[in-house]
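K.L.:
Just one file: data_30.cif, with mmCIF, C-alpha atoms.
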```
data_data
loop_
_atom_site.label_atom_id
_atom_site.label_comp_id
_atom_site.auth_asym_id
_atom_site.auth_seq_id
_atom_site.Cartn_x
_atom_site.Cartn_y
_atom_site.Cartn_z
CA MET Z 300 64.07 11.22 -59.53
CA ASN Z 301 66.98 13.58 -59.36
CA PRO Z 302 69.44 12.18 -56.80
CA ALA Z 303 71.33 15.44 -56.76
CA ARG Z 304 68.37 17.17 -55.13
CA CYS Z 305 67.96 17.25 -51.40
CA LEU Z 306 65.55 14.61 -50.06
CA LEU Z 307 63.74 17.25 -48.06
CA GLN Z 308 63.15 19.46 -51.09
CA CYS Z 309 61.79 16.90 -53.53
CA GLY Z 310 58.24 18.23 -53.25
CA ASP Z 311 56.76 14.78 -53.86
CA GLU Z 312 54.85 14.41 -50.60
CA GLY Z 313 57.83 12.54 -49.19
CA ALA Z 314 57.47 9.53 -51.50
CA ILE Z 315 61.16 9.42 -52.41
CA LEU Z 316 62.27 10.03 -48.85
CA LEU Z 317 60.00 7.19 -47.68
CA SER Z 318 61.23 4.85 -50.39
CA TYR Z 319 64.82 5.75 -49.51
CA LEU Z 320 64.22 5.09 -45.82
CA ASP Z 321 62.60 1.78 -46.76
CA ARG Z 322 65.61 1.01 -49.01
CA GLN Z 323 63.16 0.32 -51.83
CA LEU Z 324 64.76 2.40 -54.59
CA ASP Z 325 66.92 0.88 -57.27
CA SER Z 326 70.56 0.38 -56.42
CA ASP Z 327 71.83 3.37 -58.44
CA SER Z 328 69.37 5.74 -56.80
CA MET Z 329 70.14 4.36 -53.37
CA ALA Z 330 73.88 4.82 -53.90
CA ALA Z 331 73.40 8.39 -55.13
CA LEU Z 332 71.20 9.29 -52.17
CA ASP Z 333 73.59 7.60 -49.73
CA ARG Z 334 76.31 9.90 -51.04
CA HIS Z 335 74.00 12.91 -50.74
CA VAL Z 336 72.97 12.07 -47.16
CA ALA Z 337 76.61 11.68 -46.19
CA GLN Z 338 77.17 15.29 -47.21
CA CYS Z 339 73.85 16.90 -46.23
CA PRO Z 340 73.36 17.47 -42.47
CA ASP Z 341 69.60 18.09 -42.82
CA CYS Z 342 68.97 14.83 -44.67
CA ALA Z 343 71.31 12.96 -42.33
CA ARG Z 344 69.26 14.28 -39.39
CA VAL Z 345 66.01 13.01 -40.95
CA VAL Z 346 67.50 9.58 -41.63
CA GLU Z 347 68.85 9.34 -38.09
CA SER Z 348 65.58 10.46 -36.49
CA GLN Z 349 63.63 7.96 -38.58
CA ARG Z 350 65.96 5.22 -37.39
CA ALA Z 351 65.23 6.32 -33.82
CA VAL Z 352 61.48 6.22 -34.50
CA TRP Z 353 61.64 2.67 -35.84
CA GLN Z 354 63.69 1.58 -32.86
CA ALA Z 355 61.21 3.23 -30.51
CA LEU Z 356 58.32 1.47 -32.22
CA ASP Z 357 60.11 -1.84 -31.68
CA ALA Z 358 59.44 -1.36 -27.98
CA TYR Z 359 55.72 -1.38 -28.64
CA GLU Z 360 55.22 -5.08 -28.06
CA PRO Z 361 51.67 -6.38 -27.67
CA VAL Z 362 50.73 -8.14 -24.46
CA ARG Z 363 50.07 -11.85 -24.52
CA ILE Z 364 46.85 -13.17 -25.99
CA SER Z 365 44.39 -15.00 -23.76
CA ALA Z 366 44.96 -18.75 -23.69
CA ASP Z 367 41.36 -19.46 -24.68
CA PHE Z 368 41.28 -17.09 -27.66
CA ASP Z 369 41.00 -19.90 -30.22
CA GLU Z 370 38.34 -21.70 -28.21
CA GLN Z 371 36.25 -18.53 -28.02
CA VAL Z 372 36.47 -17.98 -31.77
CA MET Z 373 35.55 -21.59 -32.52
CA ALA Z 374 32.68 -21.43 -30.02
CA ARG Z 375 31.29 -18.32 -31.72
CA ILE Z 376 31.57 -20.05 -35.09
CA ALA Z 377 29.88 -23.19 -33.76
CA ALA Z 378 27.04 -21.10 -32.34
CA GLU Z 379 26.32 -19.69 -35.80
CA ARG Z 380 26.10 -23.05 -37.56
CA PRO Z 381 22.67 -24.63 -38.24
CA TRP Z 382 21.53 -27.11 -35.56
CA TRP Z 383 21.52 -30.09 -37.91
CA VAL Z 384 25.14 -29.42 -38.95
CA ARG Z 385 26.10 -29.28 -35.28
CA VAL Z 386 24.33 -32.59 -34.67
CA VAL Z 387 25.98 -34.45 -37.53
CA ASP Z 388 29.36 -32.94 -36.63
CA SER Z 389 29.04 -33.82 -32.97
CA PRO Z 390 31.67 -36.23 -31.55
CA TRP Z 391 29.14 -38.98 -30.78
CA LEU Z 392 28.42 -39.17 -34.49
CA GLY Z 393 32.11 -39.21 -35.30
CA GLY Z 394 31.83 -35.52 -36.27
CA GLY Z 395 34.25 -33.36 -38.18
CA GLY Z 396 34.36 -35.49 -41.30
CA SER Z 397 32.36 -35.20 -44.48
CA TRP Z 398 30.60 -38.57 -44.12
CA TRP Z 399 27.30 -36.77 -43.64
CA LYS Z 400 27.48 -35.51 -47.19
CA VAL Z 401 26.85 -39.15 -48.17
CA ALA Z 402 24.65 -40.02 -45.21
CA MET Z 403 22.17 -37.18 -45.66
CA PRO Z 404 21.03 -38.09 -49.19
CA LEU Z 405 20.97 -41.76 -48.19
CA THR Z 406 18.74 -40.96 -45.21
CA ALA Z 407 16.47 -38.84 -47.40
CA ALA Z 408 16.18 -41.71 -49.87
CA CYS Z 409 15.28 -44.15 -47.05
CA LEU Z 410 12.63 -41.77 -45.72
CA ALA Z 411 11.14 -41.40 -49.20
CA LEU Z 412 11.03 -45.17 -49.65
CA PHE Z 413 9.40 -45.58 -46.24
CA ALA Z 414 6.75 -42.99 -47.16
CA VAL Z 415 5.97 -44.81 -50.43
CA VAL Z 416 5.61 -48.16 -48.65
CA ALA Z 417 3.41 -46.61 -45.94
CA VAL Z 418 1.08 -45.04 -48.49
CA TRP Z 419 0.87 -48.32 -50.39
CA LYS Z 420 0.02 -50.28 -47.21
CA VAL Z 421 -2.68 -47.80 -46.16
CA GLY Z 422 -4.25 -47.95 -49.61
CA ASP Z 423 -4.27 -51.74 -49.43
CA ALA Z 424 -6.21 -51.92 -46.10
CA PRO Z 425 -10.07 -52.54 -46.30
CA LEU Z 426 -12.15 -49.56 -45.25
CA ARG Z 427 -15.04 -50.16 -42.88
CA PRO Z 428 -18.13 -47.98 -43.20
CA PRO Z 429 -18.72 -46.04 -39.92
CA ALA Z 430 -22.26 -47.30 -39.58
CA ALA Z 431 -21.17 -50.90 -39.81
CA ALA Z 432 -18.63 -50.37 -37.07
CA MET Z 433 -21.34 -49.76 -34.42
CA ASP Z 434 -23.12 -52.77 -33.08
CA SER Z 435 -26.49 -52.81 -31.30
CA ALA Z 436 -24.99 -52.60 -27.80
CA GLU Z 437 -23.20 -49.36 -28.68
CA VAL Z 438 -26.45 -47.91 -30.06
CA GLN Z 439 -28.23 -48.79 -26.85
CA GLN Z 440 -25.49 -47.11 -24.76
CA VAL Z 441 -25.83 -43.90 -26.72
CA GLU Z 442 -29.60 -43.86 -26.34
CA ASP Z 443 -29.33 -44.42 -22.57
CA ALA Z 444 -26.86 -41.57 -22.24
CA LEU Z 445 -29.13 -39.18 -24.11
CA ALA Z 446 -32.06 -40.14 -21.84
CA ASP Z 447 -29.95 -39.48 -18.75
CA VAL Z 448 -28.98 -36.05 -20.02
CA GLU Z 449 -32.62 -35.18 -20.66
CA MET Z 450 -33.61 -36.29 -17.17
CA LEU Z 451 -30.85 -34.21 -15.55
CA ARG Z 452 -31.84 -31.19 -17.57
CA GLN Z 453 -35.46 -31.46 -16.35
CA LEU Z 454 -34.34 -31.88 -12.73
CA GLY Z 455 -32.20 -28.78 -12.99
CA VAL Z 456 -35.09 -26.71 -14.27
CA THR Z 457 -37.46 -27.79 -11.45
CA GLU Z 458 -34.78 -27.08 -8.82
CA GLU Z 459 -34.26 -23.55 -10.15
CA ALA Z 460 -38.10 -23.01 -10.16
CA ARG Z 461 -38.29 -24.03 -6.46
CA GLN Z 462 -35.55 -21.56 -5.47
CA LEU Z 463 -37.44 -18.76 -7.19
CA MET W 143 47.57 -33.28 -50.15
CA ALA W 144 50.13 -32.64 -47.44
CA LEU W 145 50.39 -29.09 -46.17
CA PRO W 146 53.69 -27.36 -45.54
CA PRO W 147 54.65 -27.09 -41.87
CA ILE W 148 53.20 -24.14 -40.02
CA THR W 149 55.81 -21.61 -39.07
CA ALA W 150 55.77 -18.95 -36.39
CA THR W 151 54.54 -15.85 -38.12
CA TYR W 152 54.98 -13.05 -35.67
CA SER W 153 58.73 -12.97 -35.62
CA SER W 154 58.98 -13.61 -39.35
CA PRO W 155 55.73 -12.38 -40.84
CA ASP W 156 56.53 -12.93 -44.49
CA GLN W 157 57.58 -16.55 -44.18
CA PRO W 158 54.26 -18.40 -44.74
CA ALA W 159 53.76 -19.09 -48.41
CA PRO W 160 50.65 -17.34 -49.76
CA ALA W 161 49.69 -20.52 -51.60
CA ALA W 162 49.43 -22.37 -48.30
CA ASP W 163 47.02 -19.76 -46.92
CA ALA W 164 44.92 -19.93 -50.06
CA GLU W 165 44.93 -23.71 -49.92
CA LEU W 166 43.69 -23.60 -46.35
CA MET W 167 40.98 -21.07 -47.21
CA LEU W 168 39.74 -23.29 -50.03
CA ARG W 169 39.49 -26.14 -47.56
CA VAL W 170 37.61 -23.86 -45.17
CA ARG W 171 35.25 -22.98 -48.01
CA ASP W 172 34.56 -26.70 -48.43
CA GLY W 173 33.57 -26.97 -44.79
CA ASP W 174 36.86 -28.07 -43.24
CA THR W 175 36.92 -26.40 -39.83
CA ALA W 176 40.29 -27.95 -39.03
CA ALA W 177 41.81 -25.86 -41.84
CA PHE W 178 40.27 -22.78 -40.29
CA ALA W 179 41.81 -23.68 -36.94
CA LEU W 180 45.23 -23.77 -38.65
CA LEU W 181 44.71 -20.27 -40.08
CA LEU W 182 43.58 -19.09 -36.68
CA GLU W 183 46.70 -20.50 -35.07
CA ARG W 184 48.89 -18.94 -37.73
CA TYR W 185 47.48 -15.42 -37.69
CA ARG W 186 45.96 -14.84 -34.26
CA THR W 187 49.09 -13.16 -32.87
CA PRO W 188 49.73 -10.79 -35.81
CA VAL W 189 46.06 -9.82 -36.01
CA VAL W 190 45.57 -9.19 -32.30
CA GLY W 191 48.96 -7.43 -32.16
CA PHE W 192 47.93 -5.14 -35.00
CA LEU W 193 44.58 -4.43 -33.38
CA PHE W 194 46.18 -3.86 -29.99
CA ARG W 195 48.45 -1.18 -31.42
CA MET W 196 45.50 0.34 -33.25
CA VAL W 197 43.02 0.56 -30.37
CA GLN W 198 45.57 0.46 -27.51
CA HIS W 199 43.43 -1.81 -25.38
CA GLN W 200 44.06 -5.50 -24.84
CA GLY W 201 40.46 -6.59 -24.21
CA VAL W 202 39.11 -4.64 -27.16
CA ALA W 203 41.90 -5.94 -29.39
CA GLU W 204 41.01 -9.54 -28.55
CA GLU W 205 37.30 -8.91 -29.08
CA LEU W 206 37.96 -7.32 -32.46
CA GLY W 207 40.39 -10.14 -33.26
CA GLN W 208 37.67 -12.70 -32.64
CA GLU W 209 35.28 -10.69 -34.79
CA THR W 210 37.90 -10.56 -37.56
CA PHE W 211 38.23 -14.34 -37.70
CA LEU W 212 34.48 -14.75 -37.41
CA ARG W 213 34.02 -12.54 -40.48
CA VAL W 214 36.67 -14.49 -42.35
CA TYR W 215 34.72 -17.66 -41.64
CA ARG W 216 31.41 -16.10 -42.61
CA ALA W 217 32.86 -14.82 -45.89
CA ARG W 218 34.65 -18.06 -46.76
CA ALA W 219 32.34 -18.70 -49.70
CA THR W 220 33.29 -15.40 -51.33
CA TYR W 221 37.05 -15.72 -50.82
CA GLU W 222 38.94 -15.26 -54.08
CA GLN W 223 42.17 -17.14 -54.44
CA THR W 224 43.65 -14.30 -56.46
CA ALA W 225 43.65 -12.02 -53.42
CA LYS W 226 46.45 -12.53 -50.94
CA PHE W 227 44.96 -13.94 -47.78
CA THR W 228 46.83 -11.64 -45.41
CA THR W 229 45.76 -8.54 -47.35
CA TRP W 230 42.16 -9.66 -47.08
CA LEU W 231 42.58 -10.55 -43.41
CA PHE W 232 44.12 -7.21 -42.47
CA ARG W 233 41.56 -5.31 -44.51
CA ILE W 234 38.86 -6.83 -42.31
CA ALA W 235 40.86 -6.11 -39.14
CA THR W 236 41.54 -2.55 -40.28
CA HIS W 237 37.86 -1.89 -40.94
CA LEU W 238 36.91 -3.19 -37.53
CA ALA W 239 39.60 -1.11 -35.82
CA LEU W 240 38.73 2.07 -37.71
CA ASN W 241 35.03 1.60 -36.92
CA TRP W 242 35.79 1.04 -33.26
CA LEU W 243 38.03 4.11 -33.09
CA ARG W 244 35.36 6.18 -34.83
CA ASP W 245 32.64 4.96 -32.46
CA HIS W 246 34.76 5.52 -29.36
CA LYS W 247 36.40 8.77 -30.27
CA GLY W 248 37.01 10.89 -27.21
CA GLU W 249 36.51 8.05 -24.78
CA LYS W 250 39.23 7.19 -22.35
CA ALA W 251 39.23 3.55 -23.27
CA GLN W 252 42.96 3.28 -22.90
CA GLU W 253 43.07 3.84 -19.18
CA SER W 254 43.10 0.19 -18.26
CA LEU W 255 46.02 -0.32 -20.61
CA ASP W 256 48.43 1.30 -18.20
CA GLU W 257 48.15 -1.62 -15.80
CA GLU W 258 48.25 -4.20 -18.56
CA VAL W 259 51.31 -2.73 -20.21
CA SER W 260 53.08 -2.37 -16.91
CA GLU W 261 52.24 -5.97 -16.17
CA GLY W 262 53.63 -7.02 -19.53
CA LEU W 263 56.83 -5.11 -18.99
CA SER W 264 57.19 -6.51 -15.52
CA ARG W 265 56.74 -9.99 -16.89
CA GLN W 266 59.43 -9.38 -19.48
CA ALA W 267 61.53 -7.76 -16.80
CA VAL W 268 61.38 -10.91 -14.70
CA ASP W 269 62.38 -13.02 -17.71
CA ARG W 270 65.40 -10.91 -18.54
CA ALA W 271 66.15 -9.76 -15.01
CA PRO W 272 66.88 -6.09 -15.74
CA THR W 273 67.42 -3.51 -13.06
CA THR W 274 64.61 -1.40 -11.67
CA GLU W 275 66.01 1.59 -13.49
CA GLN W 276 65.94 -0.25 -16.81
CA VAL W 277 62.31 -1.22 -16.25
CA MET W 278 61.42 2.40 -15.48
CA VAL W 279 63.23 3.64 -18.58
CA ALA W 280 61.47 1.04 -20.73
CA GLU W 281 58.08 1.99 -19.27
CA SER W 282 58.73 5.68 -19.88
CA ARG W 283 59.81 4.94 -23.41
CA LEU W 284 56.74 2.84 -24.12
CA HIS W 285 54.50 5.52 -22.67
CA GLN W 286 55.97 8.09 -25.04
CA VAL W 287 55.57 5.75 -28.00
CA ARG W 288 51.91 5.20 -27.13
CA LEU W 289 51.29 8.92 -26.81
CA ALA W 290 52.99 9.58 -30.14
CA VAL W 291 50.96 6.85 -31.87
CA ARG W 292 47.76 8.37 -30.46
CA ARG W 293 48.62 11.63 -32.20
CA LEU W 294 48.27 9.92 -35.58
CA THR W 295 44.98 9.88 -37.43
CA GLU W 296 43.28 6.49 -37.55
CA LYS W 297 44.32 5.85 -41.15
CA GLN W 298 47.89 7.01 -40.53
CA ARG W 299 48.01 4.67 -37.56
CA ALA W 300 46.73 1.74 -39.60
CA ALA W 301 49.24 2.45 -42.37
CA VAL W 302 52.16 2.61 -39.93
CA MET W 303 51.11 -0.59 -38.17
CA MET W 304 50.96 -2.50 -41.45
CA HIS W 305 54.16 -0.93 -42.76
CA LYS W 306 56.27 -1.20 -39.64
CA TYR W 307 55.03 -4.37 -37.97
CA ARG W 308 53.71 -6.41 -40.88
CA GLU W 309 56.26 -5.18 -43.42
CA MET W 310 53.48 -5.00 -45.98
CA GLU W 311 54.18 -3.43 -49.35
CA TYR W 312 52.60 -0.11 -50.29
CA SER W 313 50.29 -1.86 -52.74
CA GLN W 314 49.06 -4.27 -50.07
CA ILE W 315 48.46 -1.44 -47.59
CA ALA W 316 46.61 0.44 -50.32
CA ARG W 317 44.31 -2.53 -50.88
CA ALA W 318 43.74 -2.96 -47.16
CA LEU W 319 42.91 0.72 -46.71
CA GLU W 320 41.09 0.92 -50.03
CA CYS W 321 43.05 3.88 -51.31
CA SER W 322 45.75 4.54 -53.88
CA GLU W 323 49.39 3.67 -53.44
CA SER W 324 50.39 7.33 -53.59
CA ALA W 325 47.85 8.07 -50.86
CA VAL W 326 49.49 5.39 -48.72
CA LYS W 327 52.92 6.95 -49.24
CA SER W 328 51.52 10.32 -48.29
CA LEU W 329 49.86 8.86 -45.19
CA LEU W 330 53.08 7.15 -44.15
CA PHE W 331 55.22 10.19 -44.80
CA ARG W 332 53.02 12.43 -42.67
CA ALA W 333 52.70 9.77 -39.99
CA TYR W 334 56.45 9.30 -39.72
CA GLU W 335 56.92 13.05 -39.76
CA THR W 336 54.67 13.28 -36.70
CA LEU W 337 56.41 10.36 -35.03
CA ARG W 338 59.83 11.84 -35.75
CA SER W 339 58.83 15.10 -34.12
CA HIS W 340 57.76 13.25 -30.96
CA LEU W 341 60.09 10.28 -30.81
CA ALA W 342 63.34 11.32 -32.44
CA HIS W 343 64.76 12.31 -29.07
CA LEU W 344 64.49 8.67 -28.01
CA ASP W 345 67.86 7.71 -29.35
CA GLY W 346 68.82 4.17 -30.19
CA ASN W 347 70.23 3.64 -26.73
CA ARG W 348 67.12 1.82 -25.51
CA GLN W 349 68.27 0.60 -22.19
CA GLY W 350 69.25 4.09 -21.10
#
```
Translate the structure described by the file into structure tokens.

P.N.:
Amino acid sequence: MNPARCLLQCGDEGAILLSYLDRQLDSDSMAALDRHVAQCPDCARVVESQRAVWQALDAYEPVRISADFDEQVMARIAAERPWWVRVVDSPWLGGGGSWWKVAMPLTAACLALFAVVAVWKVGDAPLRPPAAAMDSAEVQQVEDALADVEMLRQLGVTEEARQL
Amino acid sequence: MALPPITATYSSPDQPAPAADAELMLRVRDGDTAAFALLLERYRTPVVGFLFRMVQHQGVAEELGQETFLRVYRARATYEQTAKFTTWLFRIATHLALNWLRDHKGEKAQESLDEEVSEGLSRQAVDRAPTTEQVMVAESRLHQVRLAVRRLTEKQRAAVMMHKYREMEYSQIARALECSESAVKSLLFRAYETLRSHLAHLDGNRQG
């Protein structure tokens, strides 16, 4: 950078001017440009107008944020979480902590053990042949029912023949 | 591990230590929603303020602000500790704002702002008890600032908002806008040139 040159004629897309306005140049360069601006009306005008712009922008205060902003964000996050995470994190399960990281594998292990025991118990039980399960009274009931159905079918046919 | 106390960030945006933000994000990555709530508390005002100045609409700014934090949460697993949290945060906010501005180009979405801004000024006016004339001067001044900001391109606007209100370095703005540092300087120079041509007459005597 050549401090002797006018800030407005640097031809560097305003990089030096911007850095000068931001006070981001090294101390020697800043001092040289300060001296130049003190003597150059055009540069002094730019510096002054930039100061006015920054002051004007200070007036651009945002309005206040809604009181429930955080709650809305957290609600949207909660809505995206899987149902089982929401259940284990719910307050009635003491939610929020990481206890479920221990509880989940433990529960899975218990379920697996239960399944093994259930299969073992079922395998241990004596199997009855279906035929042996029916006694003579049940056989008689089935035969009676079939006879009734046959009788009703014949009655239905004769009734339809009479109507014709 | 005890966390450093949370400080107000809007009035002194560079105060929070980057390490503290990164620490919180790592906790968020591990499923700690309380850590996320702390980040939300810390950065909600700067983010919504930035978005408000970008889109010039309070409701839209809050909606985009919520979306920004939602995306931070969704992307928690991919957060890299090497990247400064605020740079990452404002890159997300900038993308959302630029997309919204692109999608709503030409719409008169700012109309409702007039009432909101007036309400805000009136509220401040009550707090500080200025005269009616001072309120009118302040409203006129703000109106001119808003008009001047609207004359900037979307990227110029984003660069100015990060430079002026967040005091971000050129390199940080470049990362947020995904362009080179020299491009940022060029954007800022042209933006301030435009603002100077429209706002320079507003001298430092703010209260008229």

K.L.:
Can you list, as a VMD selection string, the residues that the PyMOL selection byres ((chain W and resi 160-171) around 9) selects here?

P.N.:
chain W and resid 145 to 146 157 to 159 172 to 178 180 to 181 215 217 to 228

K.L.:
Taking all atoms listed in the file into account, which residues of chain Z are within 10 Å of chain W, as number ranges by chain?

P.N.:
Z: 311-318, 321, 344-365, 368-373, 375-377, 379, 395-397

K.L.:
Quick one: pull the distance between CA of Gln338 (chain Z) and CA of Tyr319 (chain Z), Å, one decimal.

P.N.:
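Interatomic distance here is 15.8 Å.
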
K.L.:
Evaluating the PyMOL selection byres ((chain W and resi 243) around 12) on the displayed file yields which residues, as a ChimeraX atom specification?

P.N.:
/W:193-199,202-203,206,236-242,244-252,292,295-297,299-300

K.L.:
Would you save the residues of that selection, restricted to C-alpha atoms, as a PDB file, in the coordinates of the input?

P.N.:
```pdb
ATOM      1  CA  LEU W 193      44.580  -4.430 -33.380  1.00  0.00           C
ATOM      2  CA  PHE W 194      46.180  -3.860 -29.990  1.00  0.00           C
ATOM      3  CA  ARG W 195      48.450  -1.180 -31.420  1.00  0.00           C
ATOM      4  CA  MET W 196      45.500   0.340 -33.250  1.00  0.00           C
ATOM      5  CA  VAL W 197      43.020   0.560 -30.370  1.00  0.00           C
ATOM      6  CA  GLN W 198      45.570   0.460 -27.510  1.00  0.00           C
ATOM      7  CA  HIS W 199      43.430  -1.810 -25.380  1.00  0.00           C
ATOM      8  CA  VAL W 202      39.110  -4.640 -27.160  1.00  0.00           C
ATOM      9  CA  ALA W 203      41.900  -5.940 -29.390  1.00  0.00           C
ATOM     10  CA  LEU W 206      37.960  -7.320 -32.460  1.00  0.00           C
ATOM     11  CA  THR W 236      41.540  -2.550 -40.280  1.00  0.00           C
ATOM     12  CA  HIS W 237      37.860  -1.890 -40.940  1.00  0.00           C
ATOM     13  CA  LEU W 238      36.910  -3.190 -37.530  1.00  0.00           C
ATOM     14  CA  ALA W 239      39.600  -1.110 -35.820  1.00  0.00           C
ATOM     15  CA  LEU W 240      38.730   2.070 -37.710  1.00  0.00           C
ATOM     16  CA  ASN W 241      35.030   1.600 -36.920  1.00  0.00           C
ATOM     17  CA  TRP W 242      35.790   1.040 -33.260  1.00  0.00           C
ATOM     18  CA  ARG W 244      35.360   6.180 -34.830  1.00  0.00           C
ATOM     19  CA  ASP W 245      32.640   4.960 -32.460  1.00  0.00           C
ATOM     20  CA  HIS W 246      34.760   5.520 -29.360  1.00  0.00           C
ATOM     21  CA  LYS W 247      36.400   8.770 -30.270  1.00  0.00           C
ATOM     22  CA  GLY W 248      37.010  10.890 -27.210  1.00  0.00           C
ATOM     23  CA  GLU W 249      36.510   8.050 -24.780  1.00  0.00           C
ATOM     24  CA  LYS W 250      39.230   7.190 -22.350  1.00  0.00           C
ATOM     25  CA  ALA W 251      39.230   3.550 -23.270  1.00  0.00           C
ATOM     26  CA  GLN W 252      42.960   3.280 -22.900  1.00  0.00           C
ATOM     27  CA  ARG W 292      47.760   8.370 -30.460  1.00  0.00           C
ATOM     28  CA  THR W 295      44.980   9.880 -37.430  1.00  0.00           C
ATOM     29  CA  GLU W 296      43.280   6.490 -37.550  1.00  0.00           C
ATOM     30  CA  LYS W 297      44.320   5.850 -41.150  1.00  0.00           C
ATOM     31  CA  ARG W 299      48.010   4.670 -37.560  1.00  0.00           C
ATOM     32  CA  ALA W 300      46.730   1.740 -39.600  1.00  0.00           C
TER      33      ALA W 300
END
```

K.L.:
Distance CA of Asp325 (chain Z)-CA of Glu311 (chain W), one decimal place?

P.N.:
15.6 Å

K.L.:
Could you please determine the separation between CA of Ala366 (chain Z) and CA of Val189 (chain W) in Å, to one decimal place?

P.N.:
15.3 Å

K.L.:
Would you write out, as a list in words, every residue that the PyMOL selection byres ((chain W and resi 317) around 10) captures in this file?

P.N.:
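Written out, the selection comes to Ala225, Thr229, Trp230, Phe232, Arg233, Tyr312, Ser313, Gln314, Ile315, Ala316, Ala318, Leu319, Glu320, Cys321, Ser322, Glu323 and Val326 of chain W.
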
K.L.:
Which centre and edge lengths in Å to one decimal define the box along x, y and z that fits every listed atom of region 410-416 of chain Z plus 8 Å per side, as JSON?

P.N.:
```
{"center_x": 9.1, "center_y": -44.8, "center_z": -48.1, "size_x": 23.0, "size_y": 22.8, "size_z": 20.7}
```
